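A.B. asks: Here you go, this is data_37.cif (mmCIF, C-alpha atoms).
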data_coords
loop_
_atom_site.label_atom_id
_atom_site.label_comp_id
_atom_site.auth_asym_id
_atom_site.auth_seq_id
_atom_site.Cartn_x
_atom_site.Cartn_y
_atom_site.Cartn_z
CA MET A 1 -85.57 110.03 -9.98
CA SER A 2 -87.61 112.63 -8.10
CA GLY A 3 -90.11 114.93 -9.77
CA GLU A 4 -89.26 117.95 -11.78
CA ALA A 5 -90.42 121.50 -11.04
CA SER A 6 -91.18 123.58 -14.12
CA LEU A 7 -92.23 127.15 -14.81
CA THR A 8 -93.22 128.64 -18.15
CA PHE A 9 -93.74 132.38 -18.47
CA ASP A 10 -93.69 135.32 -20.86
CA CYS A 11 -90.37 137.14 -21.04
CA PHE A 12 -88.22 138.94 -23.64
CA GLY A 13 -91.23 139.30 -25.90
CA SER A 14 -91.42 135.52 -26.10
CA THR A 15 -91.78 132.51 -23.83
CA CYS A 16 -89.23 131.22 -21.34
CA SER A 17 -89.24 128.05 -19.27
CA VAL A 18 -87.13 126.60 -16.49
CA HIS A 19 -87.05 122.96 -15.33
CA VAL A 20 -85.16 121.67 -12.28
CA ILE A 21 -84.76 118.28 -10.61
CA GLY A 22 -83.15 117.91 -7.19
CA ASP A 23 -82.03 120.36 -4.54
CA GLY A 24 -78.98 122.50 -5.04
CA LEU A 25 -77.53 125.93 -4.48
CA ALA A 26 -80.81 127.54 -5.57
CA GLY A 27 -82.76 125.53 -3.00
CA THR A 28 -85.49 123.03 -3.75
CA PRO A 29 -86.58 122.52 -7.36
CA GLU A 30 -89.57 124.82 -6.77
CA GLN A 31 -87.36 127.50 -5.24
CA ALA A 32 -84.86 127.10 -8.05
CA VAL A 33 -87.36 127.63 -10.89
CA ALA A 34 -88.87 130.60 -9.03
CA TRP A 35 -85.42 132.08 -8.54
CA ALA A 36 -84.52 131.61 -12.21
CA ARG A 37 -87.81 133.17 -13.30
CA GLY A 38 -87.17 136.17 -11.05
CA ARG A 39 -83.69 136.63 -12.51
CA LEU A 40 -84.94 136.46 -16.09
CA LEU A 41 -87.79 138.90 -15.50
CA ALA A 42 -85.38 141.32 -13.79
CA TRP A 43 -82.94 141.05 -16.69
CA HIS A 44 -85.78 141.66 -19.12
CA HIS A 45 -86.33 145.10 -17.60
CA GLN A 46 -82.63 145.76 -17.14
CA PHE A 47 -81.66 144.96 -20.74
CA SER A 48 -84.65 146.12 -22.77
CA ARG A 49 -83.92 148.81 -25.31
CA PHE A 50 -87.63 149.62 -25.39
CA GLU A 51 -87.72 150.78 -21.77
CA PRO A 52 -86.15 154.23 -21.36
CA ASP A 53 -85.20 153.56 -17.74
CA SER A 54 -83.51 150.22 -18.38
CA GLU A 55 -79.80 150.01 -17.73
CA LEU A 56 -79.23 149.32 -21.43
CA SER A 57 -81.15 152.45 -22.46
CA ARG A 58 -79.27 154.55 -19.90
CA LEU A 59 -75.94 153.15 -21.12
CA ASN A 60 -76.84 153.87 -24.74
CA ALA A 61 -77.94 157.40 -23.84
CA ASN A 62 -74.80 158.12 -21.82
CA ASP A 63 -72.37 160.44 -23.62
CA SER A 64 -69.44 159.66 -21.36
CA PRO A 65 -66.65 157.78 -23.11
CA ILE A 66 -66.38 155.36 -20.17
CA VAL A 67 -69.46 154.20 -18.28
CA HIS A 68 -69.62 152.17 -15.07
CA VAL A 69 -72.19 149.39 -15.45
CA SER A 70 -73.48 146.34 -13.61
CA HIS A 71 -71.49 143.13 -13.73
CA VAL A 72 -73.96 141.42 -16.08
CA MET A 73 -74.00 144.44 -18.40
CA ALA A 74 -70.21 144.36 -18.49
CA ARG A 75 -70.34 140.68 -19.39
CA LEU A 76 -72.83 141.38 -22.17
CA ALA A 77 -70.67 144.19 -23.55
CA LYS A 78 -67.65 141.87 -23.44
CA LEU A 79 -69.64 139.21 -25.27
CA VAL A 80 -70.60 141.75 -27.96
CA ALA A 81 -66.95 142.69 -28.38
CA ASP A 82 -65.78 139.07 -28.46
CA ALA A 83 -68.53 137.99 -30.89
CA TRP A 84 -67.52 140.74 -33.29
CA LEU A 85 -63.88 139.65 -33.14
CA LEU A 86 -64.61 135.92 -33.41
CA THR A 87 -66.88 136.28 -36.42
CA SER A 88 -64.90 138.96 -38.25
CA GLY A 89 -67.75 141.37 -37.73
CA LEU A 90 -70.62 139.09 -38.84
CA VAL A 91 -72.22 139.11 -35.40
CA ASP A 92 -72.44 142.77 -34.52
CA GLY A 93 -74.32 143.74 -31.36
CA THR A 94 -73.87 147.47 -31.96
CA MET A 95 -76.30 147.80 -34.89
CA THR A 96 -79.02 149.42 -32.80
CA GLY A 97 -79.33 152.43 -35.11
CA ALA A 98 -79.53 150.23 -38.21
CA ILE A 99 -82.21 147.98 -36.72
CA GLU A 100 -84.27 151.04 -35.78
CA ARG A 101 -83.87 152.50 -39.27
CA ALA A 102 -84.93 149.14 -40.69
CA GLY A 103 -88.18 149.49 -38.76
CA TYR A 104 -87.67 147.57 -35.52
CA SER A 105 -88.20 150.21 -32.87
CA GLY A 106 -91.04 148.73 -30.84
CA ASP A 107 -93.39 145.82 -30.59
CA LEU A 108 -93.70 144.22 -34.02
CA GLY A 109 -96.98 142.39 -33.72
CA ARG A 110 -97.56 139.34 -35.87
CA PRO A 111 -94.67 138.27 -38.08
CA LEU A 112 -94.96 138.14 -41.87
CA PRO A 113 -95.90 134.78 -43.39
CA LEU A 114 -92.42 133.37 -44.01
CA ARG A 115 -93.00 131.86 -47.45
CA ALA A 116 -94.59 135.08 -48.73
CA ALA A 117 -91.75 137.13 -47.29
CA LEU A 118 -89.18 134.90 -48.98
CA ALA A 119 -91.02 135.16 -52.31
CA ASN A 120 -90.71 138.95 -52.18
CA ALA A 121 -87.18 139.11 -50.73
CA PRO A 122 -84.15 140.39 -52.66
CA ALA A 123 -81.56 138.09 -54.26
CA ARG A 124 -79.80 135.81 -51.81
CA GLN A 125 -76.24 136.56 -50.82
CA PRO A 126 -74.07 135.94 -47.77
CA ALA A 127 -73.62 138.76 -45.34
CA ALA A 128 -70.28 140.33 -44.47
CA GLY A 129 -68.78 142.21 -41.56
CA ASN A 130 -68.39 145.96 -41.36
CA PRO A 131 -64.78 146.85 -40.46
CA GLY A 132 -65.90 150.33 -39.47
CA SER A 133 -68.38 149.09 -36.87
CA GLY A 134 -68.41 150.65 -33.43
CA ALA A 135 -67.96 147.14 -32.03
CA ALA A 136 -64.34 147.30 -33.19
CA HIS A 137 -63.70 150.06 -30.65
CA LEU A 138 -65.65 148.54 -27.78
CA ASP A 139 -63.34 148.25 -24.76
CA VAL A 140 -64.77 146.39 -21.78
CA ASP A 141 -63.24 145.73 -18.38
CA VAL A 142 -65.47 143.18 -16.69
CA ARG A 143 -63.53 143.34 -13.41
CA ALA A 144 -63.79 147.10 -13.18
CA ARG A 145 -67.30 147.00 -14.69
CA THR A 146 -66.55 149.67 -17.24
CA VAL A 147 -67.58 149.99 -20.87
CA ALA A 148 -65.67 152.35 -23.14
CA ARG A 149 -66.90 153.08 -26.66
CA PRO A 150 -66.89 155.91 -29.18
CA ALA A 151 -69.70 158.43 -29.03
CA GLY A 152 -72.91 157.19 -30.61
CA VAL A 153 -72.16 153.46 -30.35
CA ARG A 154 -75.20 151.74 -28.83
CA LEU A 155 -75.50 148.14 -27.73
CA ASP A 156 -78.38 145.87 -28.69
CA SER A 157 -78.97 143.05 -26.22
CA GLY A 158 -80.71 140.76 -28.75
CA GLY A 159 -80.03 137.05 -28.75
CA LEU A 160 -76.56 137.40 -27.26
CA ALA A 161 -78.07 138.49 -23.96
CA LYS A 162 -80.41 135.51 -23.88
CA GLY A 163 -77.52 133.12 -24.36
CA LEU A 164 -75.57 134.90 -21.64
CA PHE A 165 -78.52 134.71 -19.23
CA CYS A 166 -78.79 130.94 -19.81
CA ASP A 167 -75.11 130.54 -18.96
CA ILE A 168 -75.32 132.69 -15.83
CA LEU A 169 -78.28 130.70 -14.52
CA ALA A 170 -76.50 127.47 -15.39
CA ASP A 171 -73.58 128.41 -13.14
CA THR A 172 -75.91 128.00 -10.16
CA LEU A 173 -78.27 125.33 -11.50
CA GLU A 174 -75.37 122.98 -12.27
CA SER A 175 -75.46 122.13 -8.56
CA HIS A 176 -78.87 120.48 -9.05
CA ALA A 177 -79.37 116.97 -10.38
CA ALA A 178 -80.80 118.20 -13.69
CA PHE A 179 -81.95 121.48 -15.17
CA ALA A 180 -83.05 123.07 -18.41
CA VAL A 181 -83.31 126.77 -19.13
CA ASP A 182 -85.16 127.84 -22.27
CA CYS A 183 -84.58 131.55 -22.61
CA ALA A 184 -86.81 132.48 -25.55
CA GLY A 185 -85.30 129.78 -27.74
CA ASP A 186 -81.76 129.74 -26.37
CA VAL A 187 -81.43 126.57 -24.34
CA ARG A 188 -79.00 125.25 -21.77
CA LEU A 189 -79.21 121.73 -20.31
CA GLY A 190 -77.15 120.27 -17.48
CA GLY A 191 -76.94 119.11 -13.89
CA HIS A 192 -74.68 116.71 -12.02
CA GLY A 193 -77.07 113.76 -12.32
CA GLY A 194 -76.35 113.16 -16.00
CA PHE A 195 -80.05 112.75 -16.84
CA ALA A 196 -80.74 112.84 -20.58
CA ARG A 197 -83.37 115.27 -21.78
CA GLU A 198 -84.94 115.54 -25.22
CA LEU A 199 -83.91 118.65 -27.14
CA ARG A 200 -86.19 119.52 -30.04
CA VAL A 201 -85.75 121.94 -32.91
CA ALA A 202 -88.92 123.70 -34.10
CA SER A 203 -89.58 124.48 -37.74
CA PRO A 204 -89.64 128.13 -38.82
CA PHE A 205 -92.59 127.36 -41.11
CA GLY A 206 -94.98 126.00 -38.50
CA ASP A 207 -95.30 124.15 -35.24
CA GLU A 208 -93.78 120.86 -36.32
CA ILE A 209 -90.55 119.50 -34.84
CA LEU A 210 -87.77 119.15 -37.38
CA HIS A 211 -85.27 117.29 -35.27
CA ALA A 212 -84.92 115.79 -31.80
CA GLY A 213 -82.07 114.33 -29.81
CA GLU A 214 -81.25 113.45 -26.22
CA HIS A 215 -78.58 115.30 -24.27
CA ALA A 216 -77.56 115.51 -20.62
CA ALA A 217 -75.47 118.65 -20.86
CA ILE A 218 -75.39 120.94 -23.85
CA ALA A 219 -76.48 124.34 -25.09
CA ALA A 220 -78.40 125.22 -28.22
CA ALA A 221 -79.46 128.42 -29.89
CA THR A 222 -81.65 128.99 -32.91
CA SER A 223 -81.46 132.07 -35.05
CA GLY A 224 -83.89 132.76 -37.84
CA ILE A 225 -85.69 135.33 -39.94
CA GLY A 226 -89.23 134.06 -39.50
CA LYS A 227 -90.42 135.49 -36.18
CA ARG A 228 -89.33 139.12 -35.86
CA SER A 229 -90.28 140.30 -39.32
CA TRP A 230 -92.24 143.19 -40.82
CA LEU A 231 -92.77 145.24 -43.97
CA ASP A 232 -90.45 148.25 -44.22
CA GLY A 233 -91.46 151.72 -45.36
CA GLU A 234 -91.23 150.68 -49.01
CA GLY A 235 -93.31 147.55 -48.53
CA ASN A 236 -90.36 145.16 -48.66
CA PRO A 237 -90.05 142.26 -46.24
CA ALA A 238 -87.67 142.98 -43.39
CA HIS A 239 -86.42 141.11 -40.32
CA HIS A 240 -84.08 141.58 -37.37
CA LEU A 241 -80.93 139.84 -38.66
CA LEU A 242 -79.04 142.54 -40.51
CA ASP A 243 -76.15 142.25 -42.91
CA PRO A 244 -73.50 144.37 -41.13
CA SER A 245 -71.96 145.44 -44.45
CA SER A 246 -75.22 147.01 -45.69
CA GLY A 247 -77.30 147.54 -42.56
CA ARG A 248 -80.19 145.84 -44.37
CA PRO A 249 -81.97 142.57 -43.46
CA ALA A 250 -79.89 139.61 -44.65
CA PHE A 251 -81.44 137.07 -47.03
CA THR A 252 -78.74 134.44 -47.42
CA GLY A 253 -80.62 131.32 -48.49
CA LEU A 254 -81.02 130.07 -44.93
CA VAL A 255 -84.11 130.87 -42.90
CA GLN A 256 -83.03 129.27 -39.64
CA VAL A 257 -79.92 127.81 -38.05
CA THR A 258 -79.66 125.87 -34.81
CA ALA A 259 -76.20 125.60 -33.28
CA LEU A 260 -75.08 123.27 -30.51
CA ALA A 261 -72.24 124.33 -28.23
CA PRO A 262 -71.02 123.87 -24.67
CA LYS A 263 -72.44 127.27 -23.71
CA ALA A 264 -75.56 129.08 -24.84
CA SER A 265 -73.73 132.34 -25.52
CA VAL A 266 -71.36 130.50 -27.85
CA ALA A 267 -74.26 128.68 -29.51
CA GLU A 268 -75.98 132.02 -30.09
CA VAL A 269 -72.91 133.50 -31.77
CA CYS A 270 -72.47 130.36 -33.90
CA ALA A 271 -76.12 130.27 -34.99
CA LYS A 272 -76.11 133.91 -36.06
CA ALA A 273 -72.78 133.66 -37.84
CA ALA A 274 -73.91 130.53 -39.66
CA LEU A 275 -77.19 132.02 -40.81
CA LEU A 276 -75.51 135.21 -42.02
CA SER A 277 -72.86 133.18 -43.87
CA GLY A 278 -75.46 131.42 -46.01
CA PRO A 279 -75.58 127.76 -47.07
CA GLU A 280 -72.01 127.64 -48.36
CA GLY A 281 -70.32 129.11 -45.32
CA ALA A 282 -72.59 127.98 -42.49
CA ARG A 283 -70.91 124.67 -41.63
CA ARG A 284 -67.68 126.18 -40.37
CA TRP A 285 -69.64 127.88 -37.61
CA LEU A 286 -71.11 124.63 -36.32
CA PRO A 287 -68.17 122.67 -34.88
CA ASP A 288 -70.44 121.05 -32.28
CA GLY A 289 -73.19 120.27 -34.76
CA GLY A 290 -76.48 121.88 -35.64
CA LEU A 291 -79.33 122.11 -38.10
CA LEU A 292 -79.70 124.30 -41.17
CA VAL A 293 -83.10 125.13 -42.62
CA HIS A 294 -82.96 126.33 -46.21
CA ASP A 295 -85.30 128.75 -47.95
CA ASP A 296 -87.15 125.85 -49.56
CA GLY A 297 -87.87 124.33 -46.14
CA GLY A 298 -85.30 121.60 -46.44
CA ALA A 299 -83.57 120.75 -43.15
CA GLU A 300 -79.93 119.67 -43.12
CA ALA A 301 -78.38 118.16 -39.98
CA ILE A 302 -74.72 119.06 -39.46
CA ALA A 303 -72.63 116.55 -37.51
CA ALA A 304 -70.19 117.75 -34.88
CA THR A 305 -66.62 117.92 -36.12
CA GLY A 306 -65.00 119.50 -33.10
CA THR A 307 -62.89 121.49 -35.54
CA ARG A 308 -62.89 125.18 -34.85
CA GLU A 309 -61.51 127.18 -37.73
CA TRP A 310 -62.27 130.41 -35.98
CA PRO A 311 -59.99 131.80 -33.30
CA THR A 312 -60.57 131.50 -29.58
CA THR A 313 -61.40 134.66 -27.69
CA ARG A 314 -57.84 135.01 -26.47
CA GLN A 315 -56.37 134.55 -29.93
CA ALA A 316 -58.81 137.03 -31.38
CA ALA A 317 -58.06 139.57 -28.68
CA MET B 1 -26.78 138.98 48.58
CA SER B 2 -28.99 136.03 47.76
CA ARG B 3 -28.21 132.47 48.49
CA PRO B 4 -27.90 129.76 45.80
CA ALA B 5 -31.22 128.29 46.89
CA ASP B 6 -32.96 131.65 46.28
CA LYS B 7 -31.41 131.84 42.81
CA THR B 8 -32.80 128.44 42.00
CA ILE B 9 -36.27 129.49 43.18
CA ILE B 10 -36.13 132.75 41.19
CA ALA B 11 -34.97 130.92 38.06
CA ALA B 12 -37.77 128.41 38.42
CA ALA B 13 -40.31 131.22 38.86
CA LYS B 14 -38.98 133.02 35.79
CA LYS B 15 -39.09 129.77 33.82
CA GLU B 16 -42.65 129.18 34.91
CA ALA B 17 -43.68 132.75 33.98
CA ARG B 18 -42.01 132.37 30.58
CA ALA B 19 -43.84 129.10 30.02
CA ARG B 20 -47.17 130.80 30.91
CA ARG B 21 -46.47 133.65 28.48
CA THR B 22 -45.48 131.22 25.75
CA GLY B 23 -48.66 129.21 26.36
CA ARG B 24 -50.82 132.34 26.20
CA ILE B 25 -49.17 133.42 22.95
CA ARG B 26 -49.57 129.95 21.46
CA ARG B 27 -53.27 129.79 22.41
CA ALA B 28 -53.90 133.27 21.05
CA ALA B 29 -52.13 132.41 17.79
CA ALA B 30 -54.14 129.19 17.46
CA ILE B 31 -57.46 130.95 18.15
CA LEU B 32 -56.64 133.72 15.70
CA GLY B 33 -55.61 131.18 13.06
CA VAL B 34 -58.81 129.16 13.41
CA ALA B 35 -60.93 132.34 13.39
CA ALA B 36 -59.16 133.66 10.30
CA PHE B 37 -59.75 130.32 8.58
CA LEU B 38 -63.40 129.87 9.57
CA GLY B 39 -64.46 133.54 9.41
CA PRO B 40 -64.92 133.77 5.63
CA PHE B 41 -66.84 130.49 5.62
CA GLY B 42 -69.12 131.79 8.34
CA ALA B 43 -69.69 135.02 6.45
CA ILE B 44 -70.56 133.15 3.26
CA TYR B 45 -72.85 130.82 5.19
CA ALA B 46 -74.66 133.76 6.78
CA LYS B 47 -74.99 135.49 3.41
CA GLN B 48 -76.35 132.37 1.70
CA SER B 49 -78.80 131.80 4.55
CA GLY B 50 -79.88 135.41 4.33
CA ILE B 51 -80.80 135.17 0.66
CA GLY B 52 -82.60 131.88 1.12
CA THR B 53 -80.19 129.57 -0.61
CA GLN B 54 -78.44 126.55 0.80
CA THR B 55 -74.83 125.93 1.57
CA VAL B 56 -72.97 123.41 -0.53
CA ALA B 57 -73.07 120.88 2.32
CA ASP B 58 -76.85 121.21 2.64
CA ALA B 59 -77.24 121.03 -1.12
CA VAL B 60 -75.24 117.81 -1.40
CA LYS B 61 -77.22 116.23 1.45
CA SER B 62 -80.51 117.29 -0.14
CA VAL B 63 -79.59 115.90 -3.53
CA GLU B 64 -78.46 112.62 -1.98
CA THR B 65 -81.79 112.39 -0.17
CA THR B 66 -83.75 113.26 -3.29
CA LEU B 67 -81.99 110.68 -5.41
CA SER B 68 -81.79 107.86 -2.87
CA PRO B 69 -82.86 104.46 -4.26
CA SER B 70 -85.62 104.10 -1.65
CA ASP B 71 -87.68 106.87 -3.21
CA ASN B 72 -86.58 106.33 -6.76
CA GLY B 73 -89.57 107.15 -8.94
CA SER B 74 -92.10 106.73 -6.17
CA PRO B 75 -95.06 109.12 -6.03
CA ALA B 76 -94.01 110.19 -2.54
CA ALA B 77 -90.77 111.51 -3.99
CA THR B 78 -92.53 113.65 -6.52
CA ALA B 79 -92.03 117.32 -5.72
CA SER B 80 -95.08 119.42 -5.24
CA PRO B 81 -94.85 122.78 -6.96
CA SER B 82 -95.26 125.95 -4.94
CA SER B 83 -96.61 127.74 -7.97
CA SER B 84 -99.66 126.91 -10.02
CA SER B 85 -97.45 127.31 -13.06
CA SER B 86 -95.25 124.41 -11.97
CA THR B 87 -95.76 120.89 -13.19
CA ASN B 88 -94.38 117.55 -12.13
CA THR B 89 -93.10 114.83 -14.36
CA ALA B 90 -91.25 111.64 -13.67
CA THR B 91 -88.69 112.31 -16.41
CA PRO B 92 -87.01 115.51 -17.58
CA ALA B 93 -89.40 117.50 -19.73
CA PRO B 94 -88.34 118.02 -23.34
CA VAL B 95 -87.27 121.51 -24.35
CA THR B 96 -87.52 123.12 -27.75
CA THR B 97 -85.07 125.51 -29.29
CA GLN B 98 -86.63 127.91 -31.73
CA GLN B 99 -86.16 131.35 -33.16
CA SER B 100 -87.72 134.05 -31.08
#
Could you take the file, read its structure, and then write that structure out as structure tokens?

C.D. replies:
Amino acid sequence: MSGEASLTFDCFGSTCSVHVIGDGLAGTPEQAVAWARGRLLAWHHQFSRFEPDSELSRLNANDSPIVHVSHVMARLAKLVADAWLLTSGLVDGTMTGAIERAGYSGDLGRPLPLRAALANAPARQPAAGNPGSGAAHLDVDVRARTVARPAGVRLDSGGLAKGLFCDILADTLESHAAFAVDCAGDVRLGGHGGFARELRVASPFGDEILHAGEHAAIAAATSGIGKRSWLDGEGNPAHHLLDPSSGRPAFTGLVQVTALAPKASVAEVCAKAALLSGPEGARRWLPDGGLLVHDDGGAEAIAATGTREWPTTRQAA
Amino acid sequence: MSRPADKTIIAAAKKEARARRTGRIRRAAAILGVAAFLGPFGAIYAKQSGIGTQTVADAVKSVETTLSPSDNGSPAATASPSSSSSTNTATPAPVTTQQS
């Protein structure tokens, strides 16, 4: 096996890395990782809701009922609409107003110590969807690159965008012998060479590794309440995963969920839905396996069943 | 009034002219067909070359070269990074999924 080119860099308010072995459609391994880095950095500016000139900010500020957008923005909007349908509203990418009201409207700085936040959190309960969400009325035509939504509905790129970016990069990097894209925690592995790569799951309570396995081609996403957290205006612990039914941060009994799936965007939806469902309902969202981390720090590996109780996109639509 | 021999000559000339026209039309149709078939490939090739990526054929050749048994794992086969941020390893680097 030849050497592997790797790049690690700051992006999306976190760290991203790209690893490539072998030449392919993106050129040599060095060219491929540079290309992927360039794409991710460009998407960071295009999809940030903190930059007023980003495409996302301009879309959210646009009063027109139908807006022409870029192809990737149309795909993100479609993913938001599909995720809402697939999860009965649990994964809602239109809660931009609620997340801002909860206190996440800029750089958060250091997260709260997780154990202290949990000790001061409200009673645990599973989250639920909001049937009146704007996501229910999101109408996206990816071919025509149009997004139609009621006035005031704003998209939040969040983790869904990171999963989507992994998948878009993978479409090109699959032509290389092996690749890995780590987009701020959302991961996609693949390549035609079938080389196994170690996939690790980090603990939300520290730097230790909770679980590790070898995969040649898979996607993984981890959703949790430990990193993007803060104290709200009343001094209560808050984080970025909101219960759609209340618009408040969800404390369900799970602090982190890792989902495996064929695609990173699917893994991202599954991880979020599982975490918001709480310990009792999480398993049904992990048909390809995953890892639950409970409030007490206990980690629970979930084996793949291949059984999807939730509808496919087409069935849901 | 023409003689039978003249008629034969005229018929042969007409036949020859018809054959030339048919040949021209056939050649034109063949050239147009080949151009219509290869044109899109050429356009894609030019576009890919323009943005600095390789064609599928080049990519396959490169990968075969990279993974040939003769350089399997040898230091000479190790890619040198163009960026100081790049690193080289003999095996795929582990990746960690984590909340961000």

A.B. asks: CA of Phe9 (chain A) and CA of Gln31 (chain A), how far apart in Å?

C.D. replies: 15.5 Å

A.B. asks: Tell me as a short mmCIF file (atom, residue, chain, number, x, y, z; two decimals) with C-alpha atoms, in the coordinates of the input which residues belonging to chain A come within 6 Å of chain B, counting only C-alpha atoms.

C.D. replies:
data_model
loop_
_atom_site.label_atom_id
_atom_site.label_comp_id
_atom_site.auth_asym_id
_atom_site.auth_seq_id
_atom_site.Cartn_x
_atom_site.Cartn_y
_atom_site.Cartn_z
CA MET A 1 -85.57 110.03 -9.98
CA SER A 2 -87.61 112.63 -8.10
CA GLY A 3 -90.11 114.93 -9.77
CA GLU A 4 -89.26 117.95 -11.78
CA ALA A 5 -90.42 121.50 -11.04
CA SER A 6 -91.18 123.58 -14.12
CA LEU A 7 -92.23 127.15 -14.81
CA GLY A 22 -83.15 117.91 -7.19
CA ASP A 23 -82.03 120.36 -4.54
CA GLY A 24 -78.98 122.50 -5.04
CA LEU A 25 -77.53 125.93 -4.48
CA ALA A 26 -80.81 127.54 -5.57
CA GLY A 27 -82.76 125.53 -3.00
CA GLU A 30 -89.57 124.82 -6.77
CA ALA A 184 -86.81 132.48 -25.55
CA GLY A 185 -85.30 129.78 -27.74
CA ARG A 197 -83.37 115.27 -21.78
CA GLU A 198 -84.94 115.54 -25.22
CA LEU A 199 -83.91 118.65 -27.14
CA ARG A 200 -86.19 119.52 -30.04
CA VAL A 201 -85.75 121.94 -32.91
CA ALA A 202 -88.92 123.70 -34.10
CA THR A 222 -81.65 128.99 -32.91
CA SER A 223 -81.46 132.07 -35.05
CA GLY A 224 -83.89 132.76 -37.84
CA LYS A 227 -90.42 135.49 -36.18
#

A.B. asks: Written as a list in words, what is the full residue list that the PyMOL selection byres ((chain A and resi 132-146) around 8) yields on the file shown?

C.D. replies: Ile66, Val67, His68, Val69, Ser70, His71, Ala74, Arg75, Ala77, Lys78, Val80, Ala81, Trp84, Leu85, Gly89, Asp92, Gly93, Thr94, Asn130, Pro131, Val147, Ala148, Arg149, Pro150 and Val153 of chain A

A.B. asks: Once the PyMOL selection byres ((chain A and resi 254) around 8) is applied to the coordinates I shared, what remains selected? I want it as a ChimeraX atom specification.

C.D. replies: /A:251-253,255-257,275,278-279,292-295

A.B. asks: Rounded to one decimal place, report the CA of Leu173 (chain A)-CA of Trp285 (chain A) distance in Å.

C.D. replies: 27.6 Å

A.B. asks: For CA of Arg124 (chain A) and CA of Ala212 (chain A), quote the distance in Å rounded to one decimal.

C.D. replies: 28.8 Å

A.B. asks: Within 12 Å of Leu56 (chain A), counting only C-alpha atoms, which residues show up once you throw out same-chain ones fewer than 6 positions away? Write them as a VMD selection string, please.

C.D. replies: chain A and resid 43 to 50 62 67 to 70 72 to 74 76 to 77 94 96 147 154 to 158 161

A.B. asks: For the provided coordinates, the residues matched by the PyMOL selection byres ((chain A and resi 268) around 8) should be stated as a ChimeraX atom specification.

C.D. replies: /A:159-160,163,186,220-223,259,264-267,269-272

A.B. asks: For Arg39 (chain A), which residue among A:Gly129, A:Ser64, A:Ala98, A:Ala170 is the nearest when counting all atoms listed in the file?

C.D. replies: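 Of A:Gly129, A:Ser64, A:Ala98, A:Ala170, the one nearest Arg39 (chain A) is A:Ala170, counting all atoms listed in the file.
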
A.B. asks: Need the shell around Phe165 (chain A): protein/DNA/RNA residues with any atom at most 8 Å away, counting only C-alpha atoms. Skip same-chain ones fewer than 4 positions apart. Format as a list in words?

C.D. replies: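 Residues near the query, excluding close chain neighbours: Leu40, Ala161, Leu169 and Cys183 of chain A.
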
A.B. asks: So that I have them on file, write out the residues from the current selection with C-alpha atoms, as a JSON list (two decimals), in the frame of the given file.

C.D. replies:
[["chain", "number", "residue", "atom", "x", "y", "z"],
["A", 40, "LEU", "CA", -84.94, 136.46, -16.09],
["A", 161, "ALA", "CA", -78.07, 138.49, -23.96],
["A", 169, "LEU", "CA", -78.28, 130.70, -14.52],
["A", 183, "CYS", "CA", -84.58, 131.55, -22.61]]

A.B. asks: Starting from the sparse input, extend region 19-26 of chain B to N, CA, C and O atoms and give the output as a CSV table (one decimal), keeping the file's coordinate frame.

C.D. replies:
chain,number,residue,atom,x,y,z
B,19,ALA,N,-43.0,130.2,30.6
B,19,ALA,CA,-43.8,129.1,30.0
B,19,ALA,C,-45.3,129.5,29.9
B,19,ALA,O,-46.0,129.2,28.9
B,20,ARG,N,-45.8,130.3,31.0
B,20,ARG,CA,-47.2,130.8,30.9
B,20,ARG,C,-47.4,131.8,29.7
B,20,ARG,O,-48.3,131.7,29.0
B,21,ARG,N,-46.4,132.7,29.6
B,21,ARG,CA,-46.5,133.6,28.5
B,21,ARG,C,-46.5,132.9,27.1
B,21,ARG,O,-47.3,133.2,26.3
B,22,THR,N,-45.6,132.0,27.0
B,22,THR,CA,-45.5,131.2,25.8
B,22,THR,C,-46.8,130.5,25.5
B,22,THR,O,-47.3,130.5,24.3
B,23,GLY,N,-47.4,129.9,26.5
B,23,GLY,CA,-48.7,129.2,26.4
B,23,GLY,C,-49.8,130.1,25.9
B,23,GLY,O,-50.6,129.8,25.0
B,24,ARG,N,-49.8,131.4,26.6
B,24,ARG,CA,-50.8,132.3,26.2
B,24,ARG,C,-50.7,132.7,24.7
B,24,ARG,O,-51.6,132.8,24.0
B,25,ILE,N,-49.4,133.0,24.3
B,25,ILE,CA,-49.2,133.4,23.0
B,25,ILE,C,-49.6,132.3,22.0
B,25,ILE,O,-50.2,132.5,21.0
B,26,ARG,N,-49.2,131.1,22.3
B,26,ARG,CA,-49.6,130.0,21.5
B,26,ARG,C,-51.1,129.8,21.3
B,26,ARG,O,-51.6,129.6,20.2
